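Coordinates from query15.tsv are shown below (TSV, C-alpha atoms).
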chain	number	residue	atom	x	y	z
A	1	MET	CA	69.56	-10.28	0.75
A	2	GLN	CA	68.23	-11.08	4.19
A	3	THR	CA	70.09	-8.20	5.73
A	4	ILE	CA	68.88	-5.80	3.09
A	5	LEU	CA	65.32	-6.82	3.81
A	6	ALA	CA	65.78	-6.67	7.55
A	7	GLN	CA	67.33	-3.24	7.48
A	8	GLY	CA	64.60	-1.70	5.35
A	9	LYS	CA	63.69	1.64	6.95
A	10	GLY	CA	62.15	4.75	5.54
A	11	SER	CA	60.10	5.00	2.39
A	12	ARG	CA	62.89	4.52	-0.13
A	13	SER	CA	64.17	1.31	1.34
A	14	GLY	CA	60.55	0.32	1.83
A	15	MET	CA	60.17	0.59	-1.89
A	16	VAL	CA	63.27	-1.53	-2.42
A	17	VAL	CA	61.77	-4.13	-0.09
A	18	MET	CA	58.54	-4.08	-2.05
A	19	LEU	CA	60.42	-4.48	-5.29
A	20	LEU	CA	62.43	-7.35	-3.88
A	21	ALA	CA	59.27	-8.92	-2.55
A	22	PHE	CA	57.80	-8.68	-6.03
A	23	VAL	CA	60.87	-10.27	-7.58
A	24	LEU	CA	60.86	-13.00	-4.95
A	25	SER	CA	57.19	-13.69	-5.43
A	26	ALA	CA	57.74	-13.95	-9.17
A	27	CYS	CA	60.53	-16.44	-8.55
A	28	ALA	CA	58.40	-18.51	-6.25
A	29	VAL	CA	55.90	-19.32	-8.96
A	30	LYS	CA	57.98	-19.63	-12.11
A	31	SER	CA	56.84	-22.44	-14.31
A	32	ALA	CA	58.12	-25.96	-13.90
A	33	VAL	CA	58.20	-28.78	-16.41
A	34	ARG	CA	58.29	-32.41	-15.38
A	35	SER	CA	57.79	-35.82	-16.90
A	36	TYR	CA	57.28	-39.38	-15.86
A	37	ALA	CA	58.09	-42.48	-17.89
A	38	GLU	CA	56.75	-45.93	-17.19
A	39	PRO	CA	59.79	-47.93	-15.99
A	40	GLY	CA	61.12	-50.07	-18.81
A	41	ALA	CA	58.93	-48.40	-21.42
A	42	ASP	CA	60.65	-47.95	-24.74
A	43	LEU	CA	59.07	-45.07	-26.59
A	44	ARG	CA	60.92	-46.02	-29.77
A	45	ARG	CA	58.58	-48.92	-30.37
A	46	PHE	CA	55.69	-46.56	-31.11
A	47	HIS	CA	55.21	-45.30	-34.64
A	48	ALA	CA	51.64	-44.14	-35.16
A	49	TYR	CA	49.46	-42.12	-32.86
A	50	SER	CA	45.97	-40.74	-32.75
A	51	TRP	CA	44.17	-38.42	-30.39
A	52	GLY	CA	42.33	-40.13	-27.61
A	53	PRO	CA	38.74	-39.26	-26.73
A	54	ALA	CA	38.28	-35.51	-26.33
A	55	GLU	CA	38.67	-33.83	-22.99
A	56	ILE	CA	35.40	-33.55	-21.12
A	57	LEU	CA	36.75	-32.57	-17.72
A	58	LYS	CA	36.24	-28.99	-16.69
A	59	THR	CA	39.36	-26.86	-16.90
A	60	GLY	CA	38.56	-24.70	-13.89
A	61	ASP	CA	38.19	-21.62	-16.07
A	62	PRO	CA	34.97	-21.13	-18.03
A	63	ARG	CA	36.89	-19.33	-20.78
A	64	LEU	CA	38.80	-22.53	-21.54
A	65	ASP	CA	35.94	-25.02	-21.12
A	66	SER	CA	35.14	-26.56	-24.52
A	67	ASN	CA	37.16	-23.81	-26.17
A	68	GLU	CA	37.94	-25.43	-29.51
A	69	ILE	CA	40.13	-22.51	-30.57
A	70	PHE	CA	42.40	-23.23	-27.61
A	71	GLN	CA	42.16	-27.00	-28.18
A	72	ARG	CA	43.08	-26.76	-31.86
A	73	HIS	CA	46.12	-24.62	-31.09
A	74	LEU	CA	47.27	-27.02	-28.40
A	75	GLN	CA	46.75	-30.08	-30.60
A	76	ALA	CA	48.68	-28.48	-33.47
A	77	ALA	CA	51.58	-27.74	-31.13
A	78	VAL	CA	51.62	-31.33	-29.85
A	79	GLU	CA	51.37	-32.73	-33.40
A	80	ARG	CA	54.40	-30.67	-34.44
A	81	GLU	CA	56.43	-32.14	-31.59
A	82	LEU	CA	55.28	-35.71	-32.24
A	83	ALA	CA	56.09	-35.40	-35.94
A	84	ALA	CA	59.58	-34.21	-35.00
A	85	LYS	CA	59.94	-37.40	-32.92
A	86	GLY	CA	59.09	-39.48	-35.98
A	87	LEU	CA	55.56	-40.35	-34.93
A	88	ALA	CA	52.96	-40.29	-37.66
A	89	LYS	CA	49.28	-39.46	-37.51
A	90	ASN	CA	47.94	-41.58	-40.32
A	91	PRO	CA	44.30	-42.62	-40.27
A	92	ALA	CA	45.18	-45.58	-42.52
A	93	VAL	CA	47.50	-47.07	-39.90
A	94	PRO	CA	46.05	-48.38	-36.65
A	95	PRO	CA	47.62	-46.26	-33.91
A	96	ASP	CA	49.82	-47.87	-31.28
A	97	LEU	CA	49.83	-44.71	-29.18
A	98	LEU	CA	46.95	-42.57	-27.96
A	99	VAL	CA	47.51	-38.96	-26.96
A	100	HIS	CA	45.49	-37.24	-24.25
A	101	TYR	CA	45.86	-33.87	-22.66
A	102	HIS	CA	44.32	-32.02	-19.78
A	103	ALA	CA	44.56	-28.34	-19.07
A	104	SER	CA	43.47	-26.95	-15.73
A	105	VAL	CA	43.52	-23.69	-13.85
A	106	THR	CA	43.34	-23.24	-10.07
A	107	GLN	CA	43.68	-20.20	-7.89
A	108	ARG	CA	46.54	-20.58	-5.44
A	109	ILE	CA	47.73	-18.55	-2.51
A	110	ASP	CA	51.46	-18.31	-2.03
A	111	LEU	CA	52.35	-17.69	1.60
A	112	SER	CA	56.06	-18.33	1.18
A	113	GLN	CA	56.98	-14.75	1.99
A	114	HIS	CA	55.66	-15.24	5.49
A	115	GLU	CA	58.38	-17.72	6.28
A	116	PRO	CA	60.56	-16.28	9.01
A	117	PHE	CA	63.85	-16.45	7.12
A	118	THR	CA	62.67	-13.95	4.54
A	119	ALA	CA	62.50	-11.32	7.32
A	120	CYS	CA	59.87	-9.48	5.35
A	121	PRO	CA	57.29	-8.22	7.84
A	122	ASP	CA	55.02	-6.43	5.41
A	123	CYS	CA	54.96	-8.92	2.59
A	124	LYS	CA	51.49	-10.04	1.69
A	125	PRO	CA	50.23	-13.39	0.55
A	126	PHE	CA	50.20	-13.61	-3.19
A	127	VAL	CA	47.20	-14.95	-5.09
A	128	TYR	CA	47.60	-16.19	-8.62
A	129	ASP	CA	46.08	-18.48	-11.21
A	130	ALA	CA	48.15	-21.64	-11.50
A	131	GLY	CA	47.83	-23.37	-14.83
A	132	THR	CA	48.73	-27.00	-15.44
A	133	LEU	CA	49.04	-28.72	-18.79
A	134	VAL	CA	49.35	-32.50	-18.77
A	135	ILE	CA	50.11	-34.57	-21.86
A	136	ASP	CA	49.66	-38.33	-21.60
A	137	LEU	CA	50.86	-40.91	-24.07
A	138	VAL	CA	48.95	-44.15	-23.70
A	139	ASP	CA	49.83	-47.54	-25.13
A	140	ALA	CA	46.85	-48.23	-27.39
A	141	GLN	CA	47.02	-51.97	-26.75
A	142	THR	CA	47.36	-52.05	-22.98
A	143	GLY	CA	45.66	-48.75	-22.17
A	144	LYS	CA	48.55	-47.86	-19.85
A	145	VAL	CA	50.16	-44.46	-19.64
A	146	VAL	CA	53.71	-44.92	-20.89
A	147	TRP	CA	54.79	-41.29	-20.63
A	148	ARG	CA	53.39	-38.21	-18.98
A	149	GLY	CA	54.80	-34.75	-19.35
A	150	TRP	CA	53.43	-31.66	-17.66
A	151	SER	CA	54.09	-28.03	-17.06
A	152	GLU	CA	52.88	-25.87	-14.23
A	153	GLY	CA	53.10	-22.16	-13.75
A	154	ASN	CA	51.54	-18.81	-13.12
A	155	VAL	CA	49.04	-17.97	-15.84
A	156	ASP	CA	47.70	-14.70	-14.41
A	157	GLY	CA	46.46	-12.65	-17.32
A	158	VAL	CA	47.54	-15.27	-19.85
A	159	LEU	CA	44.11	-16.76	-20.48
A	160	GLY	CA	42.60	-13.38	-21.22
A	161	ASP	CA	44.92	-12.69	-24.12
A	162	GLN	CA	44.76	-15.07	-27.06
A	163	ARG	CA	48.25	-14.29	-28.35
A	164	TRP	CA	49.83	-14.63	-24.95
A	165	LEU	CA	47.95	-17.89	-24.38
A	166	GLU	CA	49.10	-19.31	-27.70
A	167	GLU	CA	52.70	-18.32	-27.07
A	168	ARG	CA	52.54	-20.00	-23.68
A	169	ILE	CA	51.07	-23.18	-25.21
A	170	ASP	CA	53.84	-23.30	-27.83
A	171	ARG	CA	56.53	-22.70	-25.25
A	172	ASP	CA	55.22	-25.22	-22.72
A	173	VAL	CA	54.56	-27.97	-25.27
A	174	THR	CA	58.09	-27.56	-26.62
A	175	ARG	CA	59.52	-27.69	-23.10
A	176	ILE	CA	57.43	-30.73	-22.17
A	177	PHE	CA	58.56	-32.67	-25.23
A	178	ALA	CA	62.18	-31.64	-24.64
A	179	ARG	CA	62.00	-34.14	-21.79
A	180	TRP	CA	61.19	-36.95	-24.19
A	181	PRO	CA	63.76	-39.67	-23.57
A	182	HIS	CA	65.10	-40.24	-27.07
B	1	MET	CA	52.20	15.46	20.20
B	2	LYS	CA	48.72	15.69	21.60
B	3	GLY	CA	46.63	15.47	18.45
B	4	GLU	CA	48.54	12.61	16.90
B	5	PRO	CA	46.62	9.58	18.17
B	6	MET	CA	43.35	11.15	17.01
B	7	SER	CA	44.60	12.04	13.55
B	8	ARG	CA	46.15	8.65	13.16
B	9	LEU	CA	42.81	7.09	13.99
B	10	ARG	CA	41.16	9.28	11.40
B	11	VAL	CA	43.74	8.34	8.81
B	12	THR	CA	43.15	4.69	9.61
B	13	ALA	CA	39.41	5.16	9.17
B	14	ILE	CA	39.89	6.86	5.82
B	15	LEU	CA	42.25	4.15	4.70
B	16	ALA	CA	39.84	1.45	5.80
B	17	LEU	CA	37.11	3.14	3.80
B	18	SER	CA	39.25	3.48	0.71
B	19	ALA	CA	40.21	-0.15	1.12
B	20	VAL	CA	36.55	-1.07	0.90
B	21	VAL	CA	36.03	1.18	-2.10
B	22	LEU	CA	39.12	-0.18	-3.80
B	23	ALA	CA	38.07	-3.73	-3.07
B	24	GLY	CA	34.94	-2.98	-5.06
B	25	CYS	CA	37.02	-1.54	-7.87
B	26	ALA	CA	39.56	-4.32	-7.72
B	27	THR	CA	37.15	-6.52	-9.61
B	28	THR	CA	36.39	-4.27	-12.54
B	29	MET	CA	35.17	-6.03	-15.61
B	30	GLY	CA	37.62	-7.89	-17.77
B	31	ALA	CA	36.71	-8.79	-21.33
B	32	GLY	CA	38.31	-10.32	-24.36
B	33	ALA	CA	37.93	-12.70	-27.25
B	34	TYR	CA	39.48	-15.67	-28.99
B	35	ALA	CA	39.25	-15.89	-32.77
B	36	GLN	CA	39.98	-18.78	-35.08
B	37	ARG	CA	43.20	-18.11	-36.95
B	38	GLY	CA	42.57	-16.79	-40.45
B	39	LEU	CA	38.93	-16.09	-39.68
B	40	GLU	CA	37.13	-14.71	-42.74
B	41	LEU	CA	33.96	-13.03	-41.61
B	42	SER	CA	32.87	-12.17	-45.14
B	43	ARG	CA	31.75	-15.81	-45.38
B	44	TYR	CA	29.08	-15.20	-42.77
B	45	ARG	CA	25.97	-13.09	-43.03
B	46	THR	CA	23.12	-14.67	-41.13
B	47	TYR	CA	22.97	-16.00	-37.61
B	48	ASP	CA	20.58	-17.57	-35.17
B	49	TRP	CA	20.64	-18.67	-31.57
B	50	GLY	CA	21.68	-22.27	-31.26
B	51	PRO	CA	20.08	-24.79	-28.95
B	52	ALA	CA	20.45	-23.89	-25.29
B	53	ASP	CA	23.80	-24.63	-23.74
B	54	ALA	CA	24.02	-28.09	-22.24
B	55	LEU	CA	26.34	-26.86	-19.51
B	56	PRO	CA	24.56	-25.57	-16.45
B	57	THR	CA	25.39	-22.03	-15.42
B	58	GLY	CA	26.79	-23.34	-12.20
B	59	ASP	CA	24.48	-21.10	-10.26
B	60	PRO	CA	20.73	-21.29	-9.72
B	61	ARG	CA	20.54	-17.48	-9.60
B	62	LEU	CA	21.28	-17.30	-13.32
B	63	ASP	CA	19.56	-20.48	-14.45
B	64	LYS	CA	16.30	-19.87	-16.28
B	65	ASP	CA	16.38	-16.17	-15.62
B	66	PRO	CA	14.28	-14.74	-18.46
B	67	ASP	CA	15.33	-11.16	-17.72
B	68	PHE	CA	19.01	-12.06	-17.95
B	69	ARG	CA	18.41	-13.97	-21.17
B	70	ASP	CA	16.30	-11.25	-22.81
B	71	HIS	CA	18.81	-8.53	-22.08
B	72	LEU	CA	21.77	-10.59	-23.13
B	73	GLU	CA	20.23	-11.74	-26.40
B	74	GLY	CA	18.96	-8.26	-27.11
B	75	ALA	CA	22.39	-6.73	-26.55
B	76	VAL	CA	24.10	-9.29	-28.78
B	77	GLU	CA	21.52	-8.91	-31.56
B	78	LYS	CA	21.94	-5.14	-31.51
B	79	GLN	CA	25.72	-5.41	-31.80
B	80	LEU	CA	25.48	-7.94	-34.62
B	81	ALA	CA	23.00	-5.79	-36.54
B	82	ALA	CA	25.42	-2.87	-36.25
B	83	LYS	CA	28.11	-5.08	-37.76
B	84	GLY	CA	25.91	-6.02	-40.72
B	85	PHE	CA	24.68	-9.42	-39.62
B	86	VAL	CA	21.08	-10.49	-40.14
B	87	ARG	CA	19.12	-12.91	-38.05
B	88	ALA	CA	18.10	-15.91	-40.15
B	89	THR	CA	14.47	-16.03	-41.28
B	90	GLN	CA	12.47	-18.29	-43.54
B	91	GLU	CA	13.52	-16.14	-46.50
B	92	THR	CA	17.24	-16.17	-45.74
B	93	GLY	CA	17.28	-19.90	-45.09
B	94	ARG	CA	19.60	-21.66	-42.71
B	95	PRO	CA	21.87	-19.44	-40.64
B	96	ASP	CA	25.62	-19.24	-41.35
B	97	LEU	CA	26.43	-18.79	-37.69
B	98	LEU	CA	25.00	-20.32	-34.55
B	99	LEU	CA	25.31	-18.43	-31.29
B	100	HIS	CA	25.61	-19.95	-27.83
B	101	TYR	CA	26.25	-18.36	-24.53
B	102	HIS	CA	27.19	-19.66	-21.15
B	103	ALA	CA	27.18	-17.85	-17.82
B	104	SER	CA	28.82	-19.19	-14.71
B	105	ILE	CA	29.75	-18.05	-11.23
B	106	ASP	CA	32.88	-19.10	-9.37
B	107	THR	CA	34.09	-18.13	-5.94
B	108	ARG	CA	37.49	-16.51	-6.15
B	109	ILE	CA	39.97	-15.09	-3.69
B	110	ASP	CA	41.54	-11.68	-3.62
B	111	VAL	CA	44.23	-10.42	-1.29
B	112	GLY	CA	44.42	-6.80	-0.41
B	113	GLN	CA	46.72	-4.66	1.60
B	114	THR	CA	45.82	-1.12	0.76
B	115	GLU	CA	47.41	0.24	3.92
B	116	ARG	CA	50.89	-0.51	2.70
B	117	GLU	CA	50.23	1.03	-0.65
B	118	TYR	CA	49.36	4.23	1.13
B	119	GLY	CA	52.51	4.10	3.20
B	120	ALA	CA	50.61	3.85	6.48
B	121	CYS	CA	52.28	0.71	7.75
B	122	ARG	CA	54.27	1.28	10.86
B	123	ASN	CA	56.60	-1.15	12.51
B	124	GLY	CA	55.56	-3.78	10.03
B	125	ASP	CA	52.07	-4.18	11.43
B	126	CYS	CA	50.25	-4.14	8.11
B	127	GLN	CA	47.33	-6.47	7.94
B	128	SER	CA	46.57	-8.23	4.73
B	129	TRP	CA	43.04	-9.35	4.24
B	130	VAL	CA	41.81	-12.16	2.12
B	131	VAL	CA	38.39	-11.73	0.58
B	132	ASN	CA	36.16	-14.12	-1.24
B	133	TYR	CA	34.19	-12.73	-4.12
B	134	GLU	CA	31.94	-14.26	-6.70
B	135	ALA	CA	33.31	-13.89	-10.20
B	136	GLY	CA	30.77	-14.22	-12.96
B	137	THR	CA	31.95	-15.22	-16.41
B	138	LEU	CA	29.91	-14.77	-19.54
B	139	VAL	CA	31.06	-16.64	-22.62
B	140	LEU	CA	29.56	-16.03	-26.06
B	141	ASP	CA	30.37	-18.60	-28.75
B	142	MET	CA	29.94	-18.29	-32.49
B	143	VAL	CA	29.91	-21.56	-34.35
B	144	ASP	CA	30.16	-22.08	-38.09
B	145	ALA	CA	26.80	-23.77	-38.77
B	146	LYS	CA	28.17	-25.88	-41.64
B	147	SER	CA	31.39	-27.18	-40.13
B	148	GLU	CA	30.13	-26.92	-36.54
B	149	ARG	CA	33.48	-25.41	-35.58
B	150	LEU	CA	33.87	-22.71	-32.99
B	151	ILE	CA	35.19	-19.68	-34.85
B	152	TRP	CA	34.96	-16.99	-32.19
B	153	ARG	CA	34.49	-16.78	-28.44
B	154	GLY	CA	34.01	-13.59	-26.50
B	155	TRP	CA	34.15	-13.43	-22.71
B	156	ALA	CA	33.59	-10.98	-19.90
B	157	GLN	CA	34.25	-11.39	-16.20
B	158	ASP	CA	33.18	-9.33	-13.23
B	159	SER	CA	32.17	-9.53	-9.61
B	160	VAL	CA	28.52	-10.54	-9.60
B	161	ALA	CA	27.28	-9.90	-6.08
B	162	PRO	CA	26.28	-6.27	-6.77
B	163	MET	CA	24.47	-7.23	-9.97
B	164	LEU	CA	22.52	-10.09	-8.45
B	165	ALA	CA	21.18	-7.65	-5.90
B	166	ASP	CA	20.15	-5.02	-8.43
B	167	ARG	CA	18.32	-5.66	-11.72
B	168	ASN	CA	19.24	-2.35	-13.28
B	169	ARG	CA	22.87	-2.89	-12.49
B	170	MET	CA	22.72	-6.33	-14.04
B	171	ARG	CA	21.24	-4.88	-17.23
B	172	GLN	CA	23.96	-2.25	-17.37
B	173	LYS	CA	26.64	-4.85	-16.81
B	174	ILE	CA	25.21	-7.08	-19.54
B	175	GLN	CA	25.34	-4.11	-21.94
B	176	GLU	CA	28.90	-3.36	-20.94
B	177	ALA	CA	29.98	-7.00	-21.18
B	178	VAL	CA	28.48	-7.53	-24.62
B	179	GLY	CA	29.74	-4.17	-25.87
B	180	ARG	CA	33.27	-4.86	-24.74
B	181	MET	CA	33.55	-8.43	-26.00
B	182	MET	CA	31.90	-7.57	-29.32
B	183	GLY	CA	34.23	-4.63	-29.64
B	184	ARG	CA	36.86	-7.29	-30.26
B	185	PHE	CA	34.76	-8.84	-33.00
B	186	PRO	CA	35.95	-7.71	-36.43
B	187	HIS	CA	33.62	-5.86	-38.78
B	188	ARG	CA	32.59	-7.76	-41.86
When written as structure tokens, how does the structure in this file appear?
Amino acid sequence: MQTILAQGKGSRSGMVVMLLAFVLSACAVKSAVRSYAEPGADLRRFHAYSWGPAEILKTGDPRLDSNEIFQRHLQAAVERELAAKGLAKNPAVPPDLLVHYHASVTQRIDLSQHEPFTACPDCKPFVYDAGTLVIDLVDAQTGKVVWRGWSEGNVDGVLGDQRWLEERIDRDVTRIFARWPH
Amino acid sequence: MKGEPMSRLRVTAILALSAVVLAGCATTMGAGAYAQRGLELSRYRTYDWGPADALPTGDPRLDKDPDFRDHLEGAVEKQLAAKGFVRATQETGRPDLLLHYHASIDTRIDVGQTEREYGACRNGDCQSWVVNYEAGTLVLDMVDAKSERLIWRGWAQDSVAPMLADRNRMRQKIQEAVGRMMGRFPHR
């Protein structure tokens, strides 16, 4: 790959280089899913959950701030996953687990193509909207976070399209809960 | 060749100019909407403006700007009338829908490199430039007055610097923003 990039001459190979640069830049920002579990925490001891106090932090994008349509879709996706894990949302039962989430969007500049080993002299920095979705499960008795799962990725254009946004929420929530330990 | 350095300079000048023009165009207005799933608009007929948004606009240039407010509300009311909605009066009673709007300005970054796109890069000496611009976002919310649930949100985004400098341009942009977001609002 390096040699192909380095040898790029003339307009046709220039185009190949641009294409490769595009592919590389897409790779550099593909979404990642991670999770963190409190050491020694046993998630099997939790049976009933409820939603914690609503998100009041700004998301970083005015289109998402206090957007209940977005929030309801996200909550429904999380509730599906929790139900599949055997956790119940029953107002009659005092919850032992509280669920919080936080969605945020930040503009990022990716300069990775300027690293010397890419040998790509006319690659430009790449600006994109990075979206992060964090889901916290909190022990209702101690108030401690027992599990946190999150996903991070390029959301350019996603927020502007309701269907795309909802597909991304469904996908990311499923992927986050796939990291659930049991 | 004798004339080459001169013509290359001219080409560079033209490219620089088009870069500036394109940079202006790069931030054309974006608009869209979110709708509650299964939204039945036939349930709604009357509307009114809800209490002013608690969130600040994030910019003193738009806060308490009566001209901005008048034009925005006027544009929305016109679109709603065309779609068969009626503003609530004493006769119609309480409104079915409450409207809120929120305008904000954020500084955003854009990266350009028009030279390469025009194939004028030689020996890899393309310069990419990073520009800051101010992106304005207008959000229009429609809330079911009974359930107090958000049922529809329209949004429009554009670079605001040229509008803040020119009243007429701002009015035009408000018309365009409202027209485009409401174009996504289903007829009753």
Skip segment 144-147 of chain B itself and residues of its chain fewer than 2 positions away, then list as a compact mmCIF listing (two decimals) with C-alpha atoms, keeping the file's coordinate frame all residues within 9 Å of it, counting only C-alpha atoms.
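Result file part-v7.txt:
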# COMPACT_ATOMS: atom_id res chain seq x y z
CA TYR B 44 29.08 -15.20 -42.77
CA TYR B 47 22.97 -16.00 -37.61
CA ARG B 94 19.60 -21.66 -42.71
CA PRO B 95 21.87 -19.44 -40.64
CA ASP B 96 25.62 -19.24 -41.35
CA LEU B 97 26.43 -18.79 -37.69
CA LEU B 98 25.00 -20.32 -34.55
CA MET B 142 29.94 -18.29 -32.49
CA ARG B 149 33.48 -25.41 -35.58
CA LEU B 150 33.87 -22.71 -32.99
CA ILE B 151 35.19 -19.68 -34.85
Practice problem: Take atom CA of Arg72 of chain A and atom CA of Glu166 of chain A and report the distance between them in Å, one decimal. | Solution: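 Atom-to-atom, atom CA of Arg72 of chain A to atom CA of Glu166 of chain A, that is 10.4 Å.
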Quiz item: Using all atoms listed in the file, which residue out of A:Ala130, A:Ala178, A:Ala32, A:Ile109 lies closest to chain B?
Solution: A:Ile109
Quiz item: Pick the closest to Ile109 of chain B from B:Ala165, B:Val143, B:Ala135, B:Leu41: which is it, counting all atoms listed in the file?
Solution: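 So, comparing all the options, the nearest one is B:Ala135.
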Exercise. Compare A:Trp51, A:Trp164, A:Phe177, A:Phe126 by their minimum atom-to-atom distance to chain B, counting only C-alpha atoms, and give me the closest one.
Key: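 Comparing A:Trp51, A:Trp164, A:Phe177, A:Phe126 against chain B, the winner is A:Phe126.
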Quiz prompt | Using all atoms listed in the file: which of A:Asp172, A:Asp139, A:Glu38, A:Asp65 has the shortest distance to Val78 of chain A | solution = A:Asp172
Practice problem: Give as a list in words every residue, naming chains and numbers as the document does, that has an atom within 8 Å of (38.7, -10.1, 2.1), counting only C-alpha atoms. | Solution: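 So the residues meeting the distance criterion are Ile109, Asp110, Val111, Gly112, Trp129, Val130, Val131 and Asn132 of chain B.
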Practice problem: Compare B:Met181, B:Ala88, B:Met29, B:Ala35 by their minimum atom-to-atom distance to chain A, counting all atoms listed in the file, and give me the closest one. | Solution: B:Ala35
Exercise. Calculate how many Å separate atom CA of Leu164 of chain B from atom CA of Arg180 of chain B, rounding to one decimal.
Key: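 Atom-to-atom, atom CA of Leu164 of chain B and atom CA of Arg180 of chain B are spaced 20.2 Å apart.
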Quiz prompt | Counting only C-alpha atoms, the option among A:Gly86, A:Gly40, A:Gly160, A:Gly153 closest to chain B | solution = A:Gly160
Self-check item: Residue contacts of Arg179 of chain A (9 Å, only C-alpha atoms) excluding same-chain residues fewer than 3 positions away, as a PyMOL selection string
Solution: chain A and resi 33-35+149+175-176+182
Exercise. Measure the distance from atom CA of Thr174 of chain A to atom CA of Tyr101 of chain A in Å and round it to one decimal.
Key: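 These two atoms are separated by 14.3 Å.
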Quiz item: Within 7 Å of (50.2, -37.9, -22.2), only C-alpha atoms: residues as a count of residues only?
Solution: 11
Assuming 5 Å of padding per side, give the centre and edge lengths of the axis-aligned box around every listed atom of segment 47-66 of chain A, in Å to one decimal and as JSON.
{"center_x": 45.1, "center_y": -32.3, "center_z": -24.5, "size_x": 30.2, "size_y": 36.0, "size_z": 31.3}
Self-check item: Near-Val158 of chain A list (10 Å; only C-alpha atoms; drop same-chain fewer than 4 positions) as number ranges by chain
Solution: A: 129, 131, 154, 162-168
